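Raw contents of data-v2.cif, mmCIF, C-alpha atoms:
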data_model
loop_
_atom_site.group_PDB
_atom_site.id
_atom_site.type_symbol
_atom_site.label_atom_id
_atom_site.label_comp_id
_atom_site.auth_asym_id
_atom_site.auth_seq_id
_atom_site.Cartn_x
_atom_site.Cartn_y
_atom_site.Cartn_z
ATOM 1 C CA MET T 1 -40.872 46.910 89.481
ATOM 2 C CA ALA T 2 -41.711 50.551 89.116
ATOM 3 C CA LEU T 3 -43.962 51.631 86.290
ATOM 4 C CA ASN T 4 -42.320 52.908 83.171
ATOM 5 C CA PRO T 5 -42.059 56.728 83.185
ATOM 6 C CA ASP T 6 -41.993 56.631 79.371
ATOM 7 C CA PHE T 7 -45.787 56.439 79.603
ATOM 8 C CA ILE T 8 -45.950 60.030 80.825
ATOM 9 C CA GLY T 9 -47.695 62.041 78.127
ATOM 10 C CA ARG T 10 -49.395 59.062 76.501
ATOM 11 C CA THR T 11 -52.849 59.977 75.226
ATOM 12 C CA TYR T 12 -55.454 57.333 74.516
ATOM 13 C CA PRO T 13 -58.107 57.491 71.770
ATOM 14 C CA PRO T 14 -61.389 59.264 72.617
ATOM 15 C CA SER T 15 -64.085 57.249 74.386
ATOM 16 C CA GLU T 16 -67.344 56.324 72.745
ATOM 17 C CA PRO T 17 -69.877 59.147 73.285
ATOM 18 C CA TYR T 18 -71.662 59.027 76.653
ATOM 19 C CA LEU T 19 -75.255 60.281 76.597
ATOM 20 C CA VAL T 20 -76.110 61.885 79.942
ATOM 21 C CA GLY T 21 -79.539 60.605 80.950
ATOM 22 C CA ARG T 22 -82.053 62.487 83.056
ATOM 23 C CA GLU T 23 -82.906 59.342 85.006
ATOM 24 C CA LYS T 24 -79.209 58.555 85.515
ATOM 25 C CA ILE T 25 -78.678 61.990 87.079
ATOM 26 C CA ARG T 26 -81.702 61.431 89.332
ATOM 27 C CA GLU T 27 -80.476 57.952 90.285
ATOM 28 C CA PHE T 28 -77.013 59.291 91.135
ATOM 29 C CA ALA T 29 -78.471 62.158 93.178
ATOM 30 C CA ARG T 30 -80.655 59.692 95.114
ATOM 31 C CA ALA T 31 -77.597 57.516 95.752
ATOM 32 C CA ILE T 32 -75.809 60.430 97.424
ATOM 33 C CA GLY T 33 -78.995 61.333 99.302
ATOM 34 C CA ASP T 34 -79.248 64.746 97.677
ATOM 35 C CA VAL T 35 -82.722 66.215 97.130
ATOM 36 C CA ASN T 36 -81.536 69.458 95.471
ATOM 37 C CA PRO T 37 -84.400 70.205 93.030
ATOM 38 C CA ALA T 38 -81.933 71.079 90.245
ATOM 39 C CA TYR T 39 -80.988 67.366 90.104
ATOM 40 C CA HIS T 40 -84.542 66.076 89.999
ATOM 41 C CA GLU T 41 -86.991 68.593 88.558
ATOM 42 C CA VAL T 42 -86.646 69.886 85.021
ATOM 43 C CA ALA T 43 -88.582 73.049 85.878
ATOM 44 C CA ALA T 44 -86.273 73.801 88.823
ATOM 45 C CA ALA T 45 -83.189 73.347 86.629
ATOM 46 C CA GLN T 46 -84.721 75.532 83.932
ATOM 47 C CA GLY T 47 -85.396 78.160 86.583
ATOM 48 C CA LEU T 48 -81.629 78.279 87.104
ATOM 49 C CA GLY T 49 -81.077 78.686 83.382
ATOM 50 C CA TYR T 50 -80.311 75.096 82.374
ATOM 51 C CA ALA T 51 -81.912 73.133 79.563
ATOM 52 C CA ASP T 52 -82.537 70.069 81.744
ATOM 53 C CA VAL T 53 -81.632 68.605 85.136
ATOM 54 C CA VAL T 54 -78.055 69.362 86.255
ATOM 55 C CA ALA T 55 -75.549 66.695 87.272
ATOM 56 C CA PRO T 56 -73.972 66.839 90.767
ATOM 57 C CA PRO T 57 -70.334 68.053 90.747
ATOM 58 C CA THR T 58 -68.849 64.554 91.010
ATOM 59 C CA PHE T 59 -71.258 62.812 88.597
ATOM 60 C CA ALA T 60 -68.693 63.027 85.790
ATOM 61 C CA PHE T 61 -66.496 60.510 87.574
ATOM 62 C CA THR T 62 -68.958 57.709 86.751
ATOM 63 C CA PHE T 63 -68.354 57.733 83.000
ATOM 64 C CA VAL T 64 -64.831 59.182 83.215
ATOM 65 C CA PHE T 65 -63.763 56.283 85.451
ATOM 66 C CA ALA T 66 -65.267 53.787 83.002
ATOM 67 C CA SER T 67 -63.311 55.451 80.190
ATOM 68 C CA THR T 68 -60.008 55.219 82.084
ATOM 69 C CA GLU T 69 -60.146 51.434 81.849
ATOM 70 C CA VAL T 70 -58.055 51.793 78.653
ATOM 71 C CA VAL T 71 -55.315 53.262 80.848
ATOM 72 C CA VAL T 72 -55.438 51.125 83.981
ATOM 73 C CA MET T 73 -55.877 47.920 81.953
ATOM 74 C CA ASP T 74 -53.214 48.840 79.363
ATOM 75 C CA PRO T 75 -51.042 45.691 79.357
ATOM 76 C CA ASP T 76 -47.987 47.717 78.324
ATOM 77 C CA LEU T 77 -48.344 49.946 81.381
ATOM 78 C CA GLY T 78 -48.380 46.869 83.612
ATOM 79 C CA LEU T 79 -50.496 48.208 86.446
ATOM 80 C CA ASP T 80 -51.727 45.573 88.912
ATOM 81 C CA TYR T 81 -55.297 46.736 89.333
ATOM 82 C CA THR T 82 -55.810 44.678 92.508
ATOM 83 C CA LYS T 83 -53.218 46.902 94.221
ATOM 84 C CA VAL T 84 -54.657 50.217 93.152
ATOM 85 C CA VAL T 85 -56.300 52.748 95.461
ATOM 86 C CA HIS T 86 -57.748 56.149 94.665
ATOM 87 C CA GLY T 87 -55.442 58.865 95.979
ATOM 88 C CA GLU T 88 -56.820 62.172 94.723
ATOM 89 C CA GLU T 89 -59.578 63.457 92.496
ATOM 90 C CA SER T 90 -60.400 66.851 91.065
ATOM 91 C CA PHE T 91 -62.823 68.480 88.643
ATOM 92 C CA SER T 92 -62.480 71.761 86.767
ATOM 93 C CA TYR T 93 -65.656 72.769 84.977
ATOM 94 C CA SER T 94 -66.131 74.977 81.912
ATOM 95 C CA ARG T 95 -69.853 74.513 82.427
ATOM 96 C CA PRO T 96 -72.086 72.109 84.372
ATOM 97 C CA ILE T 97 -73.181 68.816 82.826
ATOM 98 C CA VAL T 98 -76.897 68.624 82.053
ATOM 99 C CA ALA T 99 -79.136 65.787 80.894
ATOM 100 C CA GLY T 100 -78.952 65.382 77.151
ATOM 101 C CA ASP T 101 -75.252 66.169 76.857
ATOM 102 C CA GLU T 102 -73.345 63.776 74.637
ATOM 103 C CA LEU T 103 -69.793 63.647 75.942
ATOM 104 C CA VAL T 104 -66.479 62.150 74.911
ATOM 105 C CA VAL T 105 -63.465 61.631 77.144
ATOM 106 C CA ILE T 106 -59.815 61.809 76.146
ATOM 107 C CA ASN T 107 -57.425 60.338 78.729
ATOM 108 C CA THR T 108 -53.776 61.283 79.100
ATOM 109 C CA ILE T 109 -51.225 59.936 81.554
ATOM 110 C CA GLU T 110 -50.027 63.207 83.003
ATOM 111 C CA ASN T 111 -47.515 61.910 85.496
ATOM 112 C CA ILE T 112 -45.968 58.779 86.993
ATOM 113 C CA ARG T 113 -43.878 59.107 90.093
ATOM 114 C CA ALA T 114 -42.642 56.875 92.876
ATOM 115 C CA ALA T 115 -43.305 57.779 96.505
ATOM 116 C CA ALA T 116 -42.660 55.640 99.570
ATOM 117 C CA GLY T 117 -42.401 52.449 97.522
ATOM 118 C CA ASN T 118 -45.650 53.122 95.675
ATOM 119 C CA ASP T 119 -46.254 54.290 92.136
ATOM 120 C CA MET T 120 -48.562 57.258 91.761
ATOM 121 C CA ILE T 121 -50.161 57.816 88.385
ATOM 122 C CA THR T 122 -52.030 60.968 87.415
ATOM 123 C CA VAL T 123 -54.608 60.555 84.670
ATOM 124 C CA LYS T 124 -56.050 63.708 83.149
ATOM 125 C CA SER T 125 -59.423 63.248 81.477
ATOM 126 C CA THR T 126 -60.689 65.942 79.140
ATOM 127 C CA VAL T 127 -64.451 65.841 78.665
ATOM 128 C CA SER T 128 -66.055 67.656 75.726
ATOM 129 C CA THR T 129 -69.313 67.466 73.844
ATOM 130 C CA THR T 130 -69.357 65.530 70.594
ATOM 131 C CA SER T 131 -69.297 68.926 68.856
ATOM 132 C CA GLY T 132 -66.102 69.893 70.672
ATOM 133 C CA GLU T 133 -67.360 72.220 73.408
ATOM 134 C CA PRO T 134 -65.170 71.852 76.523
ATOM 135 C CA VAL T 135 -67.147 70.765 79.602
ATOM 136 C CA VAL T 136 -64.874 69.500 82.362
ATOM 137 C CA VAL T 137 -61.313 68.352 82.946
ATOM 138 C CA THR T 138 -60.806 65.796 85.694
ATOM 139 C CA SER T 139 -57.618 64.626 87.322
ATOM 140 C CA MET T 140 -57.346 61.265 89.063
ATOM 141 C CA VAL T 141 -54.348 60.133 91.064
ATOM 142 C CA ILE T 142 -54.226 56.398 91.542
ATOM 143 C CA VAL T 143 -51.725 54.763 93.842
ATOM 144 C CA ALA T 144 -50.346 51.356 92.940
ATOM 145 C CA ARG T 145 -49.226 49.980 96.274
ATOM 146 C CA GLY T 146 -45.811 48.439 96.556
ATOM 147 C CA THR T 147 -44.976 48.211 92.860
ATOM 148 C CA ASP T 148 -41.524 49.593 93.583
ATOM 149 C CA ALA T 149 -40.695 46.856 96.051
ATOM 150 C CA GLN T 150 -41.226 43.899 93.699
ATOM 151 C CA MET R 1 -75.709 79.873 86.250
ATOM 152 C CA THR R 2 -77.565 82.043 88.692
ATOM 153 C CA ALA R 3 -76.234 81.574 92.195
ATOM 154 C CA LYS R 4 -78.399 83.386 94.735
ATOM 155 C CA LEU R 5 -75.569 84.122 97.158
ATOM 156 C CA LYS R 6 -73.890 87.433 96.530
ATOM 157 C CA PHE R 7 -70.125 87.736 96.556
ATOM 158 C CA ALA R 8 -70.496 91.010 98.468
ATOM 159 C CA ASN R 9 -72.181 89.187 101.363
ATOM 160 C CA VAL R 10 -69.376 86.662 101.852
ATOM 161 C CA GLU R 11 -66.012 87.104 103.522
ATOM 162 C CA VAL R 12 -63.034 84.992 104.484
ATOM 163 C CA GLY R 13 -64.171 83.050 107.513
ATOM 164 C CA THR R 14 -67.823 82.786 106.459
ATOM 165 C CA LYS R 15 -68.956 79.382 107.671
ATOM 166 C CA LEU R 16 -71.228 77.151 105.616
ATOM 167 C CA PRO R 17 -74.015 75.199 107.331
ATOM 168 C CA ALA R 18 -72.573 71.845 108.443
ATOM 169 C CA LEU R 19 -73.966 68.482 107.379
ATOM 170 C CA SER R 20 -73.987 65.011 108.962
ATOM 171 C CA VAL R 21 -74.348 62.044 106.631
ATOM 172 C CA PRO R 22 -75.097 58.637 108.161
ATOM 173 C CA ILE R 23 -73.725 55.807 105.990
ATOM 174 C CA GLN R 24 -75.020 52.260 106.119
ATOM 175 C CA ARG R 25 -74.165 49.305 103.894
ATOM 176 C CA VAL R 26 -77.273 49.870 101.809
ATOM 177 C CA ASP R 27 -75.990 53.339 100.927
ATOM 178 C CA LEU R 28 -72.795 51.816 99.541
ATOM 179 C CA ILE R 29 -74.771 49.262 97.528
ATOM 180 C CA ARG R 30 -76.942 52.036 96.115
ATOM 181 C CA TYR R 31 -73.874 54.166 95.300
ATOM 182 C CA ALA R 32 -72.171 51.186 93.653
ATOM 183 C CA GLY R 33 -75.178 50.717 91.406
ATOM 184 C CA ALA R 34 -75.567 54.375 90.544
ATOM 185 C CA SER R 35 -71.874 54.997 89.919
ATOM 186 C CA GLY R 36 -70.867 51.692 88.369
ATOM 187 C CA ASP R 37 -68.087 51.183 90.928
ATOM 188 C CA PHE R 38 -68.567 47.611 92.112
ATOM 189 C CA ASN R 39 -65.135 47.254 93.719
ATOM 190 C CA ILE R 40 -65.552 44.357 96.147
ATOM 191 C CA ILE R 41 -63.997 46.256 99.084
ATOM 192 C CA HIS R 42 -67.131 48.405 99.178
ATOM 193 C CA TRP R 43 -69.596 45.573 99.839
ATOM 194 C CA ASN R 44 -67.847 42.339 100.868
ATOM 195 C CA GLU R 45 -66.563 42.275 104.449
ATOM 196 C CA ARG R 46 -64.845 38.900 104.039
ATOM 197 C CA PHE R 47 -62.785 40.232 101.156
ATOM 198 C CA ALA R 48 -62.181 43.679 102.682
ATOM 199 C CA THR R 49 -60.759 42.264 105.900
ATOM 200 C CA SER R 50 -58.678 39.708 103.952
ATOM 201 C CA VAL R 51 -56.786 42.567 102.269
ATOM 202 C CA GLY R 52 -56.115 44.286 105.578
ATOM 203 C CA LEU R 53 -58.944 46.787 105.731
ATOM 204 C CA PRO R 54 -60.753 47.240 109.048
ATOM 205 C CA ASN R 55 -64.105 46.528 107.392
ATOM 206 C CA VAL R 56 -66.026 47.304 104.231
ATOM 207 C CA ILE R 57 -65.102 50.901 103.382
ATOM 208 C CA ALA R 58 -67.151 53.628 101.733
ATOM 209 C CA HIS R 59 -66.296 54.616 98.171
ATOM 210 C CA GLY R 60 -63.965 57.605 98.299
ATOM 211 C CA MET R 61 -66.164 59.150 95.637
ATOM 212 C CA PHE R 62 -69.220 58.712 97.872
ATOM 213 C CA THR R 63 -67.416 60.687 100.574
ATOM 214 C CA MET R 64 -66.335 63.281 98.013
ATOM 215 C CA ALA R 65 -69.900 63.613 96.681
ATOM 216 C CA SER R 66 -71.290 63.930 100.210
ATOM 217 C CA ALA R 67 -68.765 66.572 101.260
ATOM 218 C CA VAL R 68 -69.588 68.970 98.424
ATOM 219 C CA ARG R 69 -73.263 68.908 99.405
ATOM 220 C CA VAL R 70 -72.295 71.471 102.046
ATOM 221 C CA VAL R 71 -71.364 73.784 99.169
ATOM 222 C CA THR R 72 -74.290 73.033 96.851
ATOM 223 C CA ASP R 73 -76.798 73.329 99.730
ATOM 224 C CA TRP R 74 -75.266 76.692 100.599
ATOM 225 C CA VAL R 75 -75.163 78.155 97.098
ATOM 226 C CA GLY R 76 -78.338 76.526 95.775
ATOM 227 C CA ASP R 77 -77.205 76.190 92.153
ATOM 228 C CA PRO R 78 -74.951 73.097 91.843
ATOM 229 C CA GLY R 79 -73.533 74.549 88.623
ATOM 230 C CA ALA R 80 -71.875 77.280 90.680
ATOM 231 C CA VAL R 81 -69.209 74.748 91.724
ATOM 232 C CA VAL R 82 -66.560 75.371 89.075
ATOM 233 C CA GLU R 83 -63.684 73.494 90.689
ATOM 234 C CA TYR R 84 -63.594 70.757 93.294
ATOM 235 C CA GLY R 85 -60.743 68.553 94.452
ATOM 236 C CA VAL R 86 -59.848 66.262 97.354
ATOM 237 C CA ARG R 87 -57.223 63.853 98.596
ATOM 238 C CA PHE R 88 -58.423 60.572 100.048
ATOM 239 C CA THR R 89 -56.404 60.408 103.230
ATOM 240 C CA ARG R 90 -58.208 57.799 105.328
ATOM 241 C CA PRO R 91 -60.857 55.177 104.550
ATOM 242 C CA VAL R 92 -64.329 55.325 106.115
ATOM 243 C CA PRO R 93 -65.175 51.855 107.503
ATOM 244 C CA VAL R 94 -68.888 51.039 107.398
ATOM 245 C CA PRO R 95 -69.646 48.154 109.773
ATOM 246 C CA ASP R 96 -72.773 46.023 109.359
ATOM 247 C CA ASP R 97 -73.947 46.736 112.912
ATOM 248 C CA GLY R 98 -77.204 48.595 112.309
ATOM 249 C CA VAL R 99 -75.457 51.912 112.917
ATOM 250 C CA GLY R 100 -72.818 52.169 110.198
ATOM 251 C CA ALA R 101 -70.647 55.276 109.973
ATOM 252 C CA LEU R 102 -71.301 58.970 110.372
ATOM 253 C CA LEU R 103 -69.643 61.495 108.095
ATOM 254 C CA GLU R 104 -69.469 65.018 109.500
ATOM 255 C CA ILE R 105 -68.810 67.790 107.034
ATOM 256 C CA SER R 106 -68.174 71.473 107.498
ATOM 257 C CA GLY R 107 -66.973 74.240 105.229
ATOM 258 C CA GLU R 108 -65.585 77.728 105.397
ATOM 259 C CA VAL R 109 -64.738 80.441 102.890
ATOM 260 C CA THR R 110 -60.955 80.647 102.884
ATOM 261 C CA GLU R 111 -60.184 82.946 99.960
ATOM 262 C CA LEU R 112 -61.879 85.618 97.860
ATOM 263 C CA LEU R 113 -60.956 85.204 94.188
ATOM 264 C CA ASP R 114 -61.468 87.236 91.021
ATOM 265 C CA ALA R 115 -64.717 87.444 89.060
ATOM 266 C CA GLY R 116 -67.007 86.857 92.020
ATOM 267 C CA ARG R 117 -65.524 83.507 92.925
ATOM 268 C CA VAL R 118 -64.603 82.219 96.361
ATOM 269 C CA ARG R 119 -62.619 79.261 97.601
ATOM 270 C CA VAL R 120 -64.310 77.048 100.171
ATOM 271 C CA THR R 121 -62.279 74.634 102.271
ATOM 272 C CA LEU R 122 -64.138 71.552 103.459
ATOM 273 C CA THR R 123 -63.504 69.313 106.434
ATOM 274 C CA ALA R 124 -64.853 65.769 106.423
ATOM 275 C CA ALA R 125 -64.475 63.559 109.478
ATOM 276 C CA SER R 126 -65.681 60.168 110.601
ATOM 277 C CA ALA R 127 -65.175 58.675 114.044
ATOM 278 C CA GLY R 128 -63.295 61.833 115.014
ATOM 279 C CA GLN R 129 -60.674 61.591 112.272
ATOM 280 C CA THR R 130 -60.450 63.590 109.060
ATOM 281 C CA VAL R 131 -60.932 61.454 105.965
ATOM 282 C CA LEU R 132 -60.293 64.001 103.199
ATOM 283 C CA GLY R 133 -57.301 66.260 102.709
ATOM 284 C CA LYS R 134 -57.006 69.441 100.651
ATOM 285 C CA ALA R 135 -60.769 69.366 100.096
ATOM 286 C CA GLN R 136 -61.480 72.619 98.318
ATOM 287 C CA ALA R 137 -64.096 73.992 95.975
ATOM 288 C CA VAL R 138 -64.141 77.166 93.898
ATOM 289 C CA VAL R 139 -67.629 78.602 93.780
ATOM 290 C CA GLN R 140 -69.065 81.222 91.430
ATOM 291 C CA LEU R 141 -71.238 83.650 93.382
ATOM 292 C CA ALA R 142 -73.603 86.290 92.030
#
Can the structure from this file be put into structure tokens for me?
Amino acid sequence: MALNPDFIGRTYPPSEPYLVGREKIREFARAIGDVNPAYHEVAAAQGLGYADVVAPPTFAFTFVFASTEVVVMDPDLGLDYTKVVHGEESFSYSRPIVAGDELVVINTIENIRAAAGNDMITVKSTVSTTSGEPVVVTSMVIVARGTDAQ
Amino acid sequence: MTAKLKFANVEVGTKLPALSVPIQRVDLIRYAGASGDFNIIHWNERFATSVGLPNVIAHGMFTMASAVRVVTDWVGDPGAVVEYGVRFTRPVPVPDDGVGALLEISGEVTELLDAGRVRVTLTAASAGQTVLGKAQAVVQLA
């Protein structure tokens, strides 16, 4: 059956704070094969005006995705995670993430709609520092294949 | 942020240097570890083919991360990327044949925006087919 549209607008409690590690940024940059000095060398990042190494533009997805488990595993929503594929992703930055940031994520189900027998769910994730400074808003569309047909 | 590229030196149609990214299985394993996305379709061929995929497929987020390198290489300061979004339109199969897949990425300035910002539209293809749709970044220039 189709997912319940009553879940549109549901906001989940904030995630536990995520401490952005310098070595985690370096590890992620290596994993995408990117040698940009701003990801690896503190002095290079400071030369660009940052306090510490900068995270690549998609780095935020690592901890944002982990935080969205409360949504995709919500038993009341009834999503079959084995049938889920990633449809769209976007990031809108207030400022770049740098090592040392302590970030919390608040997830909201922004939309649920049916298309071609699939359910498409848009999850908006608002990322701020623990002191409330806005950092990035991400939007993830996940497609639950064939939920309409059951 | 201190992007070196000047807005005044860029116009609609300015092409960004292209990038080719070879992808082998080990790259997917490394990305899985670094990102925390251990979805079995990204490393287990037996499982991937059993659910109808042509082979193990690359993480969409690996493709997305690779594509924006065209922008960050161009602008220098990764923090100049203020918006970035894509649609995942086609999977990138990565066979265990010693060759793997090749991702070919190009970018072009498609719109001049306010406050020294430009929109860049990216194209990402593998095996001659585009794998991302609506791949666009907004970049803050100097």
Atomic separation - CA of Pro57 (chain T) relative to CA of Tyr81 (chain T), Å: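 About the pair CA of Tyr81 (chain T) and CA of Pro57 (chain T): they are 26.1 Å apart.
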Residues within 6 Å of Asn55 (chain R), only C-alpha atoms, excluding chain neighbours under 5 positions, as a VMD selection string: chain R and resid 45 48 to 49 93
Please, which residues of chain T lie no more than 8 Å from chain R when the count uses all atoms listed in the file, and can they be set out as a ChimeraX atom specification? /T:24,27-28,31-32,34,36,38,48-50,54-59,62,86-96
If I take CA of Val84 (chain T) and CA of Ile142 (chain T), how far is one from the other in Å, to one decimal? 6.4 Å
Decode the PyMOL selection byres ((chain T and resi 139) around 7) for the given file into explicit residues and return them as number ranges by chain. T: 89-91, 122-125, 137-138, 140-141
Identify, on the basis of all atoms listed in the file, every residue whose closest approach to region 75-79 of chain T does not exceed 12 Å; exclude the query and any residue fewer than 4 positions from it along the same chain; express the result as a ChimeraX atom specification. /T:1-8,10,69-71,83-85,109,112,118-121,142-148
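Taking CA of Leu5 (chain R) as the reference point, CA of Leu112 (chain R) is found at 13.8 Å.
For the file shown, the residue list from the PyMOL selection byres ((chain T and resi 130) around 7) reads Pro17, Glu102, Leu103, Val104, Ser128, Thr129, Ser131 and Gly132 of chain T.
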Report the residues retrieved by the PyMOL selection byres ((chain T and resi 64) around 9) from the displayed file, expressed as an mmCIF file with C-alpha atoms, in the coordinates of the input.
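Wrote out.cif, looks like this:
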data_model
loop_
_atom_site.group_PDB
_atom_site.id
_atom_site.type_symbol
_atom_site.label_atom_id
_atom_site.label_comp_id
_atom_site.auth_asym_id
_atom_site.auth_seq_id
_atom_site.Cartn_x
_atom_site.Cartn_y
_atom_site.Cartn_z
ATOM 1 C CA ALA T 60 -68.693 63.027 85.790
ATOM 2 C CA PHE T 61 -66.496 60.510 87.574
ATOM 3 C CA THR T 62 -68.958 57.709 86.751
ATOM 4 C CA PHE T 63 -68.354 57.733 83.000
ATOM 5 C CA PHE T 65 -63.763 56.283 85.451
ATOM 6 C CA ALA T 66 -65.267 53.787 83.002
ATOM 7 C CA SER T 67 -63.311 55.451 80.190
ATOM 8 C CA THR T 68 -60.008 55.219 82.084
ATOM 9 C CA VAL T 104 -66.479 62.150 74.911
ATOM 10 C CA VAL T 105 -63.465 61.631 77.144
ATOM 11 C CA ASN T 107 -57.425 60.338 78.729
ATOM 12 C CA SER T 125 -59.423 63.248 81.477
ATOM 13 C CA THR T 126 -60.689 65.942 79.140
ATOM 14 C CA VAL T 127 -64.451 65.841 78.665
ATOM 15 C CA THR T 138 -60.806 65.796 85.694
#
Could you name the residues that touch region 9-12 of chain R at 9 Å or less, counting all atoms listed in the file, but leaving out those on the same chain fewer than 3 positions away, as a JSON list (two decimals) with C-alpha atoms, in the coordinates of the input?
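Generated output (selection_16.json):
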[["chain", "number", "residue", "atom", "x", "y", "z"],
["R", 5, "LEU", "CA", -75.57, 84.12, 97.16],
["R", 6, "LYS", "CA", -73.89, 87.43, 96.53],
["R", 15, "LYS", "CA", -68.96, 79.38, 107.67],
["R", 108, "GLU", "CA", -65.58, 77.73, 105.40],
["R", 109, "VAL", "CA", -64.74, 80.44, 102.89],
["R", 110, "THR", "CA", -60.96, 80.65, 102.88],
["R", 111, "GLU", "CA", -60.18, 82.95, 99.96],
["R", 112, "LEU", "CA", -61.88, 85.62, 97.86],
["R", 118, "VAL", "CA", -64.60, 82.22, 96.36],
["R", 119, "ARG", "CA", -62.62, 79.26, 97.60]]
Which residues come within 8 Å of Gly9 (chain T), counting all atoms listed in the file, excluding same-chain residues fewer than 4 positions away, as an NGL selection string? :T and (108-111)
Near-Ser20 (chain R) list (7 Å; only C-alpha atoms; drop same-chain fewer than 5 positions) as a PDB file with C-alpha atoms, keeping the file's coordinate frame:
ATOM      1  CA  LEU R 102     -71.301  58.970 110.372  1.00  0.00           C
ATOM      2  CA  LEU R 103     -69.643  61.495 108.095  1.00  0.00           C
ATOM      3  CA  GLU R 104     -69.469  65.018 109.500  1.00  0.00           C
ATOM      4  CA  ILE R 105     -68.810  67.790 107.034  1.00  0.00           C
TER       5      ILE R 105
END
Could you add the missing atoms to region 104-116 of chain R, up to N, CA and C atoms, and return them as a PDB file, in the coordinates of the input?
ATOM      1  N   GLU R 104     -69.149  63.662 109.058  1.00  0.00           N
ATOM      2  CA  GLU R 104     -69.469  65.018 109.500  1.00  0.00           C
ATOM      3  C   GLU R 104     -68.679  66.017 108.664  1.00  0.00           C
ATOM      4  N   ILE R 105     -69.422  66.908 108.020  1.00  0.00           N
ATOM      5  CA  ILE R 105     -68.810  67.790 107.034  1.00  0.00           C
ATOM      6  C   ILE R 105     -69.068  69.246 107.415  1.00  0.00           C
ATOM      7  N   SER R 106     -68.009  70.039 107.301  1.00  0.00           N
ATOM      8  CA  SER R 106     -68.174  71.473 107.498  1.00  0.00           C
ATOM      9  C   SER R 106     -67.356  72.199 106.437  1.00  0.00           C
ATOM     10  N   GLY R 107     -67.665  73.464 106.260  1.00  0.00           N
ATOM     11  CA  GLY R 107     -66.973  74.240 105.229  1.00  0.00           C
ATOM     12  C   GLY R 107     -66.863  75.692 105.623  1.00  0.00           C
ATOM     13  N   GLU R 108     -65.844  76.333 105.062  1.00  0.00           N
ATOM     14  CA  GLU R 108     -65.585  77.728 105.397  1.00  0.00           C
ATOM     15  C   GLU R 108     -64.966  78.420 104.189  1.00  0.00           C
ATOM     16  N   VAL R 109     -65.353  79.659 103.966  1.00  0.00           N
ATOM     17  CA  VAL R 109     -64.738  80.441 102.890  1.00  0.00           C
ATOM     18  C   VAL R 109     -63.313  80.793 103.322  1.00  0.00           C
ATOM     19  N   THR R 110     -62.349  80.415 102.500  1.00  0.00           N
ATOM     20  CA  THR R 110     -60.955  80.647 102.884  1.00  0.00           C
ATOM     21  C   THR R 110     -60.229  81.627 101.967  1.00  0.00           C
ATOM     22  N   GLU R 111     -60.864  82.002 100.850  1.00  0.00           N
ATOM     23  CA  GLU R 111     -60.184  82.946  99.960  1.00  0.00           C
ATOM     24  C   GLU R 111     -61.212  83.605  99.043  1.00  0.00           C
ATOM     25  N   LEU R 112     -61.067  84.914  98.848  1.00  0.00           N
ATOM     26  CA  LEU R 112     -61.879  85.618  97.860  1.00  0.00           C
ATOM     27  C   LEU R 112     -61.065  85.695  96.570  1.00  0.00           C
ATOM     28  N   LEU R 113     -61.660  85.272  95.464  1.00  0.00           N
ATOM     29  CA  LEU R 113     -60.956  85.204  94.188  1.00  0.00           C
ATOM     30  C   LEU R 113     -61.528  86.249  93.240  1.00  0.00           C
ATOM     31  N   ASP R 114     -60.970  86.287  92.032  1.00  0.00           N
ATOM     32  CA  ASP R 114     -61.468  87.236  91.021  1.00  0.00           C
ATOM     33  C   ASP R 114     -62.842  86.805  90.499  1.00  0.00           C
ATOM     34  N   ALA R 115     -63.492  87.726  89.824  1.00  0.00           N
ATOM     35  CA  ALA R 115     -64.717  87.444  89.060  1.00  0.00           C
ATOM     36  C   ALA R 115     -65.832  86.856  89.915  1.00  0.00           C
ATOM     37  N   GLY R 116     -65.909  87.295  91.168  1.00  0.00           N
ATOM     38  CA  GLY R 116     -67.007  86.857  92.020  1.00  0.00           C
ATOM     39  C   GLY R 116     -66.907  85.432  92.508  1.00  0.00           C
TER      40      GLY R 116
END
